[in-house]
>>> print(open('structure.txt').read())   # compact mmCIF, C-alpha atoms
# COMPACT_ATOMS: atom_id res chain seq x y z
CA MET A 1319 133.71 179.40 111.01
CA LYS A 1320 133.41 176.75 113.67
CA ILE A 1321 131.19 173.73 113.37
CA SER A 1322 129.91 171.24 115.90
CA LYS A 1323 131.13 167.69 116.27
CA ARG A 1324 127.98 166.35 114.66
CA GLU A 1325 128.40 168.50 111.59
CA PHE A 1326 132.10 167.73 111.46
CA LEU A 1327 131.43 163.98 111.38
CA VAL A 1328 129.08 164.46 108.46
CA ARG A 1329 131.29 166.74 106.47
CA ALA A 1330 134.47 164.77 107.10
CA GLN A 1331 132.65 161.50 106.45
CA LEU A 1332 134.01 160.02 109.65
CA GLU A 1333 132.78 157.48 112.16
CA HIS A 1334 132.40 158.70 115.71
CA GLU A 1335 134.93 156.16 116.99
CA THR A 1336 137.44 157.12 114.33
CA LEU A 1337 137.21 160.77 115.27
CA GLU A 1338 137.64 159.91 118.96
CA ALA A 1339 140.74 157.92 118.12
CA TRP A 1340 142.23 160.70 116.05
CA ILE A 1341 141.61 163.22 118.82
CA GLU A 1342 143.11 160.77 121.30
CA GLU A 1343 146.22 160.59 119.09
CA GLU A 1344 146.20 164.40 118.88
CA TRP A 1345 146.08 164.25 115.13
CA LEU A 1346 143.13 166.58 115.53
CA ILE A 1347 142.93 169.18 118.28
CA PRO A 1348 139.45 170.73 118.25
CA SER A 1349 138.84 173.79 120.34
CA GLU A 1350 136.42 173.68 123.18
CA ALA A 1351 133.57 176.11 123.83
CA THR A 1352 131.20 175.66 126.77
CA ASN A 1353 132.11 171.99 127.11
CA GLU A 1354 131.44 171.27 123.49
CA MET A 1355 134.06 170.46 120.90
CA MET A 1356 134.20 172.88 118.03
CA PHE A 1357 135.91 172.23 114.70
CA SER A 1358 137.37 174.69 112.24
CA ASP A 1359 137.80 174.52 108.47
CA ALA A 1360 141.43 173.75 109.15
CA ASP A 1361 140.40 170.72 111.22
CA LEU A 1362 138.24 169.60 108.34
CA ALA A 1363 141.05 169.93 105.83
CA ARG A 1364 143.39 168.19 108.25
CA ALA A 1365 140.95 165.30 108.57
CA GLN A 1366 140.92 165.07 104.81
CA LEU A 1367 144.72 164.97 104.81
CA ILE A 1368 144.68 162.14 107.36
CA ARG A 1369 142.21 160.24 105.20
CA ASP A 1370 144.40 160.80 102.15
CA LEU A 1371 147.41 159.48 104.01
CA LYS A 1372 145.63 156.43 105.40
CA ASP A 1373 143.26 155.47 102.63
CA ASP A 1374 144.94 156.61 99.44
CA LEU A 1375 148.63 156.65 100.23
CA GLY A 1376 148.61 153.52 102.35
CA VAL A 1377 150.29 155.10 105.37
CA ASN A 1378 149.78 153.18 108.59
CA ASP A 1379 148.72 154.78 111.89
CA GLU A 1380 152.24 155.23 113.21
CA GLY A 1381 153.26 156.84 109.94
CA VAL A 1382 150.35 159.26 110.05
CA GLY A 1383 151.47 160.62 113.42
CA VAL A 1384 155.03 161.04 112.19
CA ILE A 1385 153.94 162.73 108.98
CA LEU A 1386 151.54 165.13 110.72
CA ASN A 1387 154.25 166.14 113.13
CA LEU A 1388 156.66 166.82 110.28
CA VAL A 1389 154.02 168.64 108.27
CA ASP A 1390 153.36 170.88 111.27
CA GLN A 1391 157.06 171.57 111.56
CA VAL A 1392 157.28 172.42 107.88
CA HIS A 1393 154.47 174.93 108.33
CA GLY A 1394 156.21 176.39 111.35
CA LEU A 1395 159.36 176.80 109.28
CA ARG A 1396 157.45 178.27 106.36
CA LYS A 1397 155.77 180.79 108.60
CA MET A 1398 159.04 181.80 110.16
CA LEU A 1399 160.72 182.05 106.79
CA THR A 1400 157.89 184.26 105.54
CA GLU A 1401 158.28 186.55 108.54
CA LEU A 1402 162.00 186.60 108.18
CA LEU A 1403 161.83 187.51 104.50
CA ARG A 1404 159.25 190.17 105.23
CA SER A 1405 161.44 191.75 107.85
CA VAL A 1406 164.47 191.57 105.59
CA HIS A 1407 162.55 193.24 102.77
CA SER A 1408 161.08 195.91 105.01
CA ARG A 1409 164.58 196.92 106.02
CA ALA A 1410 165.80 197.20 102.46
CA MET B 634 141.44 167.41 80.90
CA LYS B 635 143.93 164.69 80.10
CA ASP B 636 143.04 161.06 79.75
CA PRO B 637 142.99 159.56 83.26
CA TYR B 638 144.97 156.50 82.18
CA GLU B 639 147.65 158.78 80.85
CA THR B 640 147.60 160.88 84.01
CA LEU B 641 148.19 157.79 86.12
CA GLY B 642 150.55 156.34 83.56
CA VAL B 643 148.79 152.95 83.30
CA GLU B 644 147.48 150.81 80.48
CA ARG B 645 143.77 150.88 79.78
CA SER B 646 143.70 147.26 80.79
CA ALA B 647 145.42 147.89 84.15
CA SER B 648 144.06 146.02 87.15
CA PRO B 649 142.56 147.96 90.08
CA ASP B 650 145.66 147.04 92.10
CA ALA B 651 147.95 148.43 89.44
CA ILE B 652 145.89 151.62 89.33
CA GLN B 653 146.10 152.03 93.08
CA LYS B 654 149.83 151.39 93.00
CA ALA B 655 150.32 153.93 90.24
CA TYR B 656 148.23 156.45 92.11
CA ARG B 657 150.17 156.00 95.32
CA ARG B 658 153.46 156.27 93.52
CA HIS B 659 152.51 159.64 92.06
CA ALA B 660 150.54 160.87 95.06
CA LYS B 661 153.43 160.37 97.44
CA LYS B 662 155.41 162.79 95.34
CA LEU B 663 152.64 165.23 94.52
CA HIS B 664 150.32 165.47 97.52
CA PRO B 665 150.11 169.23 98.21
CA ASP B 666 150.44 168.75 101.94
CA LEU B 667 153.72 167.01 101.34
CA ASN B 668 154.79 169.81 98.97
CA PRO B 669 153.40 172.93 100.62
CA GLY B 670 155.32 175.37 98.45
CA ASN B 671 154.88 173.80 95.04
CA LYS B 672 152.00 175.19 92.99
CA GLU B 673 152.60 172.88 90.08
CA SER B 674 152.41 169.76 92.18
CA GLU B 675 149.07 170.93 93.52
CA GLU B 676 147.64 171.19 90.00
CA ARG B 677 149.04 167.83 89.04
CA PHE B 678 147.71 166.29 92.23
CA LYS B 679 144.23 167.57 91.47
CA GLU B 680 144.41 165.98 88.05
CA LEU B 681 145.72 162.83 89.62
CA SER B 682 142.89 162.75 92.19
CA VAL B 683 140.28 163.18 89.52
CA ALA B 684 141.85 160.47 87.42
CA TYR B 685 142.12 158.11 90.36
CA GLY B 686 138.63 158.95 91.54
CA LEU B 687 137.39 157.91 88.18
CA LEU B 688 139.44 154.80 87.63
CA SER B 689 139.30 153.46 91.19
CA ASP B 690 135.52 153.30 91.02
CA ALA B 691 134.66 150.28 88.89
CA GLY B 692 131.29 151.73 87.90
CA LYS B 693 132.69 155.10 86.84
CA ARG B 694 135.62 153.47 85.13
CA ALA B 695 133.26 151.37 83.06
CA ARG B 696 131.18 154.42 82.18
CA TYR B 697 134.29 156.35 81.22
CA ASP B 698 135.54 153.46 79.11
CA ARG B 699 132.18 153.42 77.40
CA GLY B 700 132.46 157.16 76.84
CA GLU B 701 129.50 157.99 79.07
CA ILE B 702 131.34 160.50 81.20
CA ASP B 703 134.31 162.70 80.40
CA ALA B 704 137.66 162.72 82.10
CA THR B 705 136.50 165.11 84.78
CA GLY B 706 134.04 162.50 85.96
CA ALA B 707 131.48 163.54 88.46
CA GLU B 708 133.95 163.96 91.23
CA LYS B 709 134.40 167.51 92.29
CA PRO B 710 138.10 168.08 92.85
CA ARG B 711 139.17 169.42 96.18
CA GLN B 712 139.86 173.10 96.07
CA ARG B 713 141.49 173.64 99.42
CA PHE B 714 144.06 171.54 101.20
CA TYR B 715 145.19 171.59 104.77
CA LYS B 716 148.23 173.64 103.80
CA ASP B 717 145.97 176.51 102.75
CA PHE B 718 144.66 176.71 106.28
CA ALA B 719 147.99 176.12 107.90
CA SER B 720 149.61 179.05 106.14
CA ASP B 721 146.79 181.42 107.11
CA ALA B 722 146.37 180.13 110.62
CA PRO B 723 146.74 182.72 113.37
CA ALA B 724 149.65 182.56 115.79
CA GLY B 725 149.13 180.12 118.61
CA HIS B 726 146.83 177.76 116.73
CA ALA B 727 146.60 174.18 117.89
CA TYR B 728 148.91 172.66 115.30
CA GLU B 729 151.60 175.32 115.49
CA ASN B 730 154.97 173.63 115.74
CA TYR B 731 158.28 175.48 115.85
CA SER B 732 160.37 172.60 117.10
CA ALA B 733 162.20 172.35 113.79
CA PHE B 734 164.28 175.38 114.70
CA ALA B 735 163.60 176.08 118.36
CA ASP B 736 167.20 175.20 119.13
CA PHE B 737 168.83 177.82 116.98
CA ALA B 738 166.14 180.34 117.79
CA ASP B 739 167.57 180.33 121.30
CA SER B 740 170.90 181.60 120.11
CA ASP B 741 169.76 184.10 117.50
CA ASP B 742 168.23 187.46 118.38
CA ILE B 743 166.09 187.78 115.31
CA LEU B 744 164.76 184.26 115.33
CA SER B 745 164.12 184.20 119.03
CA GLU B 746 162.19 187.42 118.71
CA LEU B 747 160.06 185.91 115.95
CA PHE B 748 159.75 182.74 117.91
CA LYS B 749 158.64 184.42 121.11
CA ARG B 750 155.95 186.46 119.50
CA GLY B 751 154.64 183.74 117.28
CA ALA B 752 154.21 184.47 113.64
CA ASN B 753 151.83 187.38 113.68
CA VAL B 754 154.48 189.86 114.54
CA HIS B 755 156.07 193.03 113.77
CA VAL B 756 159.65 192.00 113.93
CA ARG B 757 161.97 193.98 116.11
CA ALA B 758 165.46 193.01 116.90
CA ARG B 759 168.46 194.88 118.08
CA GLY B 760 170.99 195.57 115.36
CA PRO B 761 174.35 193.85 115.49
CA ASP B 762 177.35 195.48 117.12
CA VAL B 763 180.16 196.66 114.90
CA HIS B 764 183.83 196.48 115.86
CA TYR B 765 186.39 199.10 114.98
CA HIS B 766 190.07 199.55 115.64
CA LEU B 767 191.32 203.04 116.42
CA PRO B 768 195.03 203.87 116.84
CA ILE B 769 195.67 207.02 118.85
CA GLU B 770 198.76 208.96 119.91
CA PHE B 771 200.28 208.40 123.31
CA LEU B 772 199.44 211.90 124.49
CA GLU B 773 195.85 211.66 123.19
CA ALA B 774 195.42 208.66 125.41
CA VAL B 775 196.77 210.52 128.43
CA ILE B 776 195.00 213.83 127.93
CA GLY B 777 191.88 212.68 126.10
CA GLY B 778 190.19 214.31 123.13
CA THR B 779 188.06 213.59 120.11
CA LYS B 780 189.00 211.37 117.19
CA ARG B 781 187.16 211.02 113.93
CA LEU B 782 186.87 207.48 112.70
CA THR B 783 186.32 206.92 108.98
CA LEU B 784 183.98 204.00 108.42
CA PRO B 785 184.26 201.45 105.63
CA ASP B 786 181.08 202.86 104.05
CA GLY B 787 182.59 206.35 103.90
CA GLY B 788 180.72 207.69 106.91
CA THR B 789 182.46 209.07 109.95
CA LEU B 790 182.13 208.51 113.63
CA ASP B 791 183.36 210.95 116.25
CA VAL B 792 184.89 209.11 119.15
CA THR B 793 185.40 210.90 122.42
CA ILE B 794 188.58 209.61 124.01
CA PRO B 795 188.40 209.86 127.78
CA ALA B 796 191.61 211.02 129.43
CA GLY B 797 193.70 208.16 130.71
CA ILE B 798 192.45 205.48 128.33
CA ARG B 799 194.62 202.41 128.14
CA ASP B 800 195.94 200.42 125.22
CA GLY B 801 193.46 197.70 124.24
CA GLN B 802 190.53 199.31 126.03
CA VAL B 803 187.21 199.11 124.16
CA LEU B 804 184.86 202.07 123.96
CA ARG B 805 181.17 201.31 123.50
CA LEU B 806 179.27 203.90 121.49
CA ARG B 807 175.61 203.17 122.10
CA GLY B 808 173.43 203.00 119.03
CA LYS B 809 176.29 203.55 116.61
CA GLY B 810 176.33 199.98 115.30
CA ARG B 811 174.11 198.49 112.64
CA PRO B 812 170.48 199.62 112.56
CA GLY B 813 167.93 197.42 114.29
CA ILE B 814 165.18 195.54 112.55
CA GLY B 815 161.73 197.04 112.75
CA GLU B 816 161.50 199.06 115.93
CA GLY B 817 164.55 197.38 117.39
CA GLU B 818 167.30 199.66 118.60
CA ALA B 819 170.57 199.92 116.73
CA GLY B 820 173.56 197.94 117.88
CA ASP B 821 176.65 199.51 119.41
CA ALA B 822 179.96 200.46 117.90
CA LEU B 823 182.77 198.83 119.82
CA VAL B 824 185.99 200.76 119.29
CA GLU B 825 189.17 199.10 120.38
CA ILE B 826 191.86 201.64 121.20
CA ALA B 827 195.48 201.05 120.28
CA VAL B 828 197.83 203.53 121.94
CA LYS B 829 200.99 204.25 119.97
CA SER B 830 204.28 204.56 121.79
CA HIS B 831 205.94 207.90 122.48
CA ARG B 832 209.38 209.13 121.62
CA PHE B 833 210.41 209.62 125.26
CA PHE B 834 207.43 209.06 127.53
CA ALA B 835 206.48 205.65 128.74
CA ARG B 836 203.54 204.68 130.86
CA GLU B 837 202.83 202.16 133.54
CA GLY B 838 199.37 202.25 135.03
CA ASN B 839 198.72 205.88 135.79
CA ASP B 840 202.35 206.91 136.10
CA ILE B 841 204.41 208.41 133.34
CA TYR B 842 208.07 207.43 133.09
CA LEU B 843 210.70 209.64 131.56
CA ASP B 844 214.43 209.10 131.17
CA LEU B 845 215.87 212.59 131.46
CA PRO B 846 219.43 213.34 130.39
CA VAL B 847 221.29 215.79 132.66
CA THR B 848 224.80 217.15 132.37
CA LEU B 849 227.59 216.22 134.70
CA SER B 850 227.55 219.67 136.24
CA GLU B 851 223.76 219.58 136.81
CA ALA B 852 224.14 216.23 138.53
CA VAL B 853 227.10 217.17 140.64
CA LEU B 854 226.11 220.68 141.56
CA GLY B 855 222.34 220.48 141.41
CA ALA B 856 220.15 222.65 139.17
CA ARG B 857 216.69 223.81 138.27
CA ILE B 858 215.81 222.42 134.86
CA ASN B 859 212.80 222.24 132.54
CA VAL B 860 211.18 218.83 132.31
CA PRO B 861 208.56 217.85 129.70
CA THR B 862 205.30 216.43 131.01
CA PRO B 863 202.23 215.39 128.98
CA THR B 864 200.64 218.75 129.71
CA GLY B 865 203.71 220.91 129.05
CA SER B 866 207.10 221.71 130.64
CA VAL B 867 207.52 222.24 134.34
CA THR B 868 210.53 223.35 136.33
CA MET B 869 212.12 220.74 138.53
CA THR B 870 214.97 220.90 141.00
CA VAL B 871 217.77 218.39 140.47
CA PRO B 872 219.33 218.00 143.91
CA LYS B 873 223.02 218.42 144.30
CA GLY B 874 224.82 215.07 143.99
CA SER B 875 222.19 213.35 141.80
CA ASN B 876 223.26 210.37 139.74
CA THR B 877 222.25 208.22 136.79
CA GLY B 878 219.26 206.20 138.02
CA THR B 879 218.11 208.78 140.53
CA VAL B 880 214.32 208.95 140.27
CA LEU B 881 212.53 212.21 140.96
CA ARG B 882 208.79 212.28 141.33
CA LEU B 883 206.62 215.05 139.85
CA ARG B 884 203.47 214.57 141.84
CA GLY B 885 200.19 214.79 139.90
CA LYS B 886 201.87 215.08 136.51
CA GLY B 887 200.90 211.56 135.44
CA VAL B 888 197.75 210.23 133.88
CA PRO B 889 194.42 211.66 135.06
CA ARG B 890 192.17 209.11 136.70
CA ARG B 891 188.44 209.11 137.07
CA ASP B 892 188.71 207.69 140.56
CA GLY B 893 191.00 209.73 142.77
CA GLY B 894 193.85 211.98 141.81
CA PRO B 895 196.10 211.65 138.80
CA GLY B 896 199.23 209.54 138.69
CA ASP B 897 202.76 210.94 138.90
CA GLU B 898 205.53 211.51 136.45
CA LEU B 899 208.66 209.67 137.46
CA VAL B 900 211.82 211.22 136.08
CA ARG B 901 214.85 208.97 135.97
CA LEU B 902 218.06 210.92 135.58
CA LYS B 903 220.72 209.91 133.10
CA VAL B 904 224.03 211.68 133.51
CA MET B 905 225.52 212.51 130.12
CA LEU B 906 229.11 213.49 129.38
CA PRO B 907 229.63 216.05 126.61
CA GLU B 908 229.43 214.59 123.13
CA GLN B 909 232.86 215.97 122.21
CA PRO B 910 235.88 215.02 124.34
CA ASP B 911 236.72 217.88 126.68
CA PRO B 912 240.41 218.47 127.54
CA GLU B 913 239.55 220.31 130.75
CA LEU B 914 237.39 217.42 131.92
CA GLU B 915 240.05 214.92 130.96
CA ALA B 916 242.65 216.88 132.92
CA PHE B 917 240.34 217.00 135.92
CA ALA B 918 239.57 213.28 135.78
CA ALA B 919 243.23 212.43 135.48
CA GLY B 920 244.06 214.36 138.65
CA TRP B 921 240.90 213.38 140.56
CA GLU B 922 242.14 211.22 143.43
CA GLY B 923 238.74 210.69 145.07
CA GLY B 924 237.33 209.18 141.88
CA LYS B 925 239.92 206.42 141.84
CA ALA B 926 238.75 205.03 145.17
CA TYR B 927 235.18 204.53 143.89
CA ASP B 928 234.33 201.18 142.30
CA PRO B 929 230.80 201.23 140.82
CA ARG B 930 231.15 197.50 139.99
CA ARG B 931 231.98 196.37 143.47
CA ASP B 932 228.74 194.40 143.75
CA MET B 933 229.26 192.66 140.43
CA GLN B 934 231.98 190.17 141.39
CA PRO B 935 230.89 186.74 140.28
>>> encode(input="structure.txt", output="structure tokens")
Amino acid sequence: MKISKREFLVRAQLEHETLEAWIEEEWLIPSEATNEMMFSDADLARAQLIRDLKDDLGVNDEGVGVILNLVDQVHGLRKMLTELLRSVHSRA
Amino acid sequence: MKDPYETLGVERSASPDAIQKAYRRHAKKLHPDLNPGNKESEERFKELSVAYGLLSDAGKRARYDRGEIDATGAEKPRQRFYKDFASDAPAGHAYENYSAFADFADSDDILSELFKRGANVHVRARGPDVHYHLPIEFLEAVIGGTKRLTLPDGGTLDVTIPAGIRDGQVLRLRGKGRPGIGEGEAGDALVEIAVKSHRFFAREGNDIYLDLPVTLSEAVLGARINVPTPTGSVTMTVPKGSNTGTVLRLRGKGVPRRDGGPGDELVRLKVMLPEQPDPELEAFAAGWEGGKAYDPRRDMQP
């Protein structure tokens, strides 16, 4: 389910400027449909993660970028590991 | 639900700063997005969030301390974290990042296959090649044939030996290696041939070499004799006056070649005296004047 920018701001409890900054930093990468940004549930959860990092865990802006990049790599690895295990098991 | 002070590990009198510090200390270790595979840490983090939600809000903390609300507070704990979306996300989504292993994916068939197709794949990769070592007889190498190779797993593999194969040559049997993954084709069996030596034949390229003993009379007077070749005996004429070291060529009796005609068999004569001393021969040699004039070592003066 995709939601509009307006709805995203409400549900993520974000200021417009904050969201712009996060998109600028590529912490969030909304999809674009007919010139309008669209946000997924994953974007929403990711925004919540960024808020957790910044507000609750005291991570500064540079740290957030580093952590998000590493988190994305971990998920890439996990996905590949899942596939690899699946293919190994399907052979057995 | 546990007591929020206990969950955070702080005294009931802890300052807001101390509570935040305690929360951060635990949250750094337990945040589900920093522990994507750990179910237990997710549960503990939820508890931690509830506890912190309660105690970080002065109003709620006061109400909890007064017993007005229970440990779950009013805060609804988060049910889904980013990781839940990340693990279900389709291939090619915006946050997909394979850079953690892109380098070794380049050098590995299976990984590069996975990598190329993204995650939503049916894996297919070619099976690995398997190497075998197969010793064969000299004549098998020249003439060709079929050899049965017994595999380590008890199976067998029939190897067709092409005529004229050389020592050290590697035969590739397509699809006889390890099975592929998914729809991937099987690897190849690579069979390295070791050609054993022969009792009297030798080989150089496509020519067969044979040292052939002949009697003194055959050498001196000439003769028609039987000579072994890889494909059976043939009759050969030893010219009158042949000597040790004389090389006779049997054309086409060498190793078959795929390109062009076969090699030759080169027969090098070796004049042999009788094994037992022969009085008649001794008498002849003693009276043989012409033999005394011949010095076979004339070129060997230092």
>>> atom_distance(input="structure.txt", atom1="atom CA of Leu883 of chain B", atom2="atom CA of Val867 of chain B")
9.1 Å
>>> interface_residues(input="structure.txt", of="chain B", to="chain A", cutoff="6 Å", atoms="all atoms listed in the file", output="list in words")
Arg657, Phe714, Tyr715, Phe718, Asn730, Tyr731 and Ala733 of chain B
>>> atom_distance(input="structure.txt", atom1="atom CA of Ile794 of chain B", atom2="atom CA of Ile769 of chain B")
9.1 Å
>>> residues_around(input="structure.txt", residues="Leu906 of chain B", least_positions_apart="4", cutoff="10 Å", atoms="only C-alpha atoms", output="PyMOL selection string")
chain B and resi 846-850+910-911+914
>>> closest_residue(input="structure.txt", among="A:His1407, A:Arg1369, A:Val1382, A:Glu1354", to="Gln1331 of chain A", atoms="only C-alpha atoms")
A:Arg1369
>>> atom_distance(input="structure.txt", atom1="atom CA of Glu675 of chain B", atom2="atom CA of Ala1330 of chain A")
20.9 Å
>>> closest_residue(input="structure.txt", among="B:Leu772, B:Tyr685, B:Gly878, B:Ile841", to="Ala660 of chain B", atoms="all atoms listed in the file")
B:Tyr685
>>> axis_aligned_box(input="structure.txt", around="segment 914-920 of chain B", padding_each_side="3 Å", output="lines of an AutoDock Vina configuration file")
center_x = 240.7
center_y = 214.9
center_z = 134.8
size_x = 12.7
size_y = 11.0
size_z = 13.7
>>> residues_around(input="structure.txt", residues="Arg799 of chain B", least_positions_apart="3", cutoff="8 Å", atoms="only C-alpha atoms", output="list in words")
Ala774, Gln802, Ile826 and Val828 of chain B
>>> residues_near_point(input="structure.txt", point="(145.0, 171.9, 98.6)", cutoff="12 Å", atoms="all atoms listed in the file", output="PyMOL selection string")
(chain A and resi 1360+1363-1364+1366-1367+1370) or (chain B and resi 663-679+682+710-720)
>>> residues_around(input="structure.txt", residues="Leu899 of chain B", least_positions_apart="3", cutoff="7 Å", atoms="only C-alpha atoms", output="PyMOL selection string")
chain B and resi 841-843+880-883
>>> residues_near_point(input="structure.txt", point="(169.2, 201.0, 115.6)", cutoff="12 Å", atoms="all atoms listed in the file", output="list in words")
Arg1409 of chain A; Arg757, Ala758, Arg759, Gly760, Pro761, Asp762, Val763, Arg807, Gly808, Lys809, Gly810, Arg811, Pro812, Gly813, Ile814, Gly815, Glu816, Gly817, Glu818, Ala819, Gly820, Asp821 and Ala822 of chain B
>>> decode(input="structure.txt", residues="segment 635-659 of chain B", atoms="N, CA and C atoms", output="PDB file, in the first residue's frame")
ATOM      1  N   LYS B 635       6.707  -6.827  33.183  1.00  0.00           N
ATOM      2  CA  LYS B 635       7.629  -6.551  34.283  1.00  0.00           C
ATOM      3  C   LYS B 635       7.584  -5.077  34.691  1.00  0.00           C
ATOM      4  N   ASP B 636       8.075  -4.828  35.857  1.00  0.00           N
ATOM      5  CA  ASP B 636       8.191  -3.472  36.354  1.00  0.00           C
ATOM      6  C   ASP B 636       9.150  -2.683  35.463  1.00  0.00           C
ATOM      7  N   PRO B 637       8.720  -1.507  34.981  1.00  0.00           N
ATOM      8  CA  PRO B 637       9.556  -0.763  34.030  1.00  0.00           C
ATOM      9  C   PRO B 637      10.915  -0.360  34.604  1.00  0.00           C
ATOM     10  N   TYR B 638      10.970  -0.113  35.897  1.00  0.00           N
ATOM     11  CA  TYR B 638      12.265   0.240  36.494  1.00  0.00           C
ATOM     12  C   TYR B 638      13.230  -0.938  36.416  1.00  0.00           C
ATOM     13  N   GLU B 639      12.632  -2.127  36.632  1.00  0.00           N
ATOM     14  CA  GLU B 639      13.441  -3.340  36.570  1.00  0.00           C
ATOM     15  C   GLU B 639      13.900  -3.593  35.132  1.00  0.00           C
ATOM     16  N   THR B 640      12.970  -3.374  34.199  1.00  0.00           N
ATOM     17  CA  THR B 640      13.316  -3.585  32.787  1.00  0.00           C
ATOM     18  C   THR B 640      14.497  -2.711  32.374  1.00  0.00           C
ATOM     19  N   LEU B 641      14.465  -1.459  32.832  1.00  0.00           N
ATOM     20  CA  LEU B 641      15.550  -0.545  32.467  1.00  0.00           C
ATOM     21  C   LEU B 641      16.761  -0.717  33.378  1.00  0.00           C
ATOM     22  N   GLY B 642      16.527  -1.394  34.510  1.00  0.00           N
ATOM     23  CA  GLY B 642      17.621  -1.596  35.442  1.00  0.00           C
ATOM     24  C   GLY B 642      18.018  -0.312  36.172  1.00  0.00           C
ATOM     25  N   VAL B 643      17.025   0.482  36.573  1.00  0.00           N
ATOM     26  CA  VAL B 643      17.327   1.726  37.309  1.00  0.00           C
ATOM     27  C   VAL B 643      16.562   1.743  38.632  1.00  0.00           C
ATOM     28  N   GLU B 644      17.026   2.576  39.519  1.00  0.00           N
ATOM     29  CA  GLU B 644      16.337   2.779  40.796  1.00  0.00           C
ATOM     30  C   GLU B 644      15.032   3.539  40.559  1.00  0.00           C
ATOM     31  N   ARG B 645      14.115   3.396  41.481  1.00  0.00           N
ATOM     32  CA  ARG B 645      12.850   4.121  41.329  1.00  0.00           C
ATOM     33  C   ARG B 645      13.062   5.631  41.421  1.00  0.00           C
ATOM     34  N   SER B 646      14.185   5.991  42.064  1.00  0.00           N
ATOM     35  CA  SER B 646      14.455   7.411  42.223  1.00  0.00           C
ATOM     36  C   SER B 646      15.331   7.973  41.097  1.00  0.00           C
ATOM     37  N   ALA B 647      15.572   7.151  40.049  1.00  0.00           N
ATOM     38  CA  ALA B 647      16.519   7.571  39.006  1.00  0.00           C
ATOM     39  C   ALA B 647      16.071   8.867  38.333  1.00  0.00           C
ATOM     40  N   SER B 648      17.063   9.689  37.981  1.00  0.00           N
ATOM     41  CA  SER B 648      16.753  10.947  37.290  1.00  0.00           C
ATOM     42  C   SER B 648      16.380  10.645  35.842  1.00  0.00           C
ATOM     43  N   PRO B 649      15.675  11.589  35.196  1.00  0.00           N
ATOM     44  CA  PRO B 649      15.337  11.382  33.767  1.00  0.00           C
ATOM     45  C   PRO B 649      16.574  11.106  32.922  1.00  0.00           C
ATOM     46  N   ASP B 650      17.686  11.791  33.234  1.00  0.00           N
ATOM     47  CA  ASP B 650      18.936  11.552  32.499  1.00  0.00           C
ATOM     48  C   ASP B 650      19.404  10.113  32.655  1.00  0.00           C
ATOM     49  N   ALA B 651      19.346   9.636  33.891  1.00  0.00           N
ATOM     50  CA  ALA B 651      19.798   8.275  34.164  1.00  0.00           C
ATOM     51  C   ALA B 651      18.908   7.276  33.427  1.00  0.00           C
ATOM     52  N   ILE B 652      17.624   7.586  33.359  1.00  0.00           N
ATOM     53  CA  ILE B 652      16.689   6.692  32.671  1.00  0.00           C
ATOM     54  C   ILE B 652      16.994   6.660  31.174  1.00  0.00           C
ATOM     55  N   GLN B 653      17.254   7.849  30.627  1.00  0.00           N
ATOM     56  CA  GLN B 653      17.593   7.886  29.194  1.00  0.00           C
ATOM     57  C   GLN B 653      18.890   7.126  28.918  1.00  0.00           C
ATOM     58  N   LYS B 654      19.856   7.335  29.815  1.00  0.00           N
ATOM     59  CA  LYS B 654      21.135   6.641  29.634  1.00  0.00           C
ATOM     60  C   LYS B 654      20.959   5.130  29.687  1.00  0.00           C
ATOM     61  N   ALA B 655      20.166   4.702  30.660  1.00  0.00           N
ATOM     62  CA  ALA B 655      19.926   3.259  30.801  1.00  0.00           C
ATOM     63  C   ALA B 655      19.217   2.731  29.559  1.00  0.00           C
ATOM     64  N   TYR B 656      18.250   3.493  29.085  1.00  0.00           N
ATOM     65  CA  TYR B 656      17.509   3.058  27.905  1.00  0.00           C
ATOM     66  C   TYR B 656      18.451   2.925  26.705  1.00  0.00           C
ATOM     67  N   ARG B 657      19.260   3.951  26.508  1.00  0.00           N
ATOM     68  CA  ARG B 657      20.168   3.896  25.358  1.00  0.00           C
ATOM     69  C   ARG B 657      21.141   2.732  25.448  1.00  0.00           C
ATOM     70  N   ARG B 658      21.612   2.489  26.675  1.00  0.00           N
ATOM     71  CA  ARG B 658      22.568   1.410  26.837  1.00  0.00           C
ATOM     72  C   ARG B 658      21.951   0.078  26.397  1.00  0.00           C
ATOM     73  N   HIS B 659      20.708  -0.152  26.817  1.00  0.00           N
ATOM     74  CA  HIS B 659      20.045  -1.405  26.440  1.00  0.00           C
ATOM     75  C   HIS B 659      19.631  -1.394  24.969  1.00  0.00           C
TER      76      HIS B 659
END
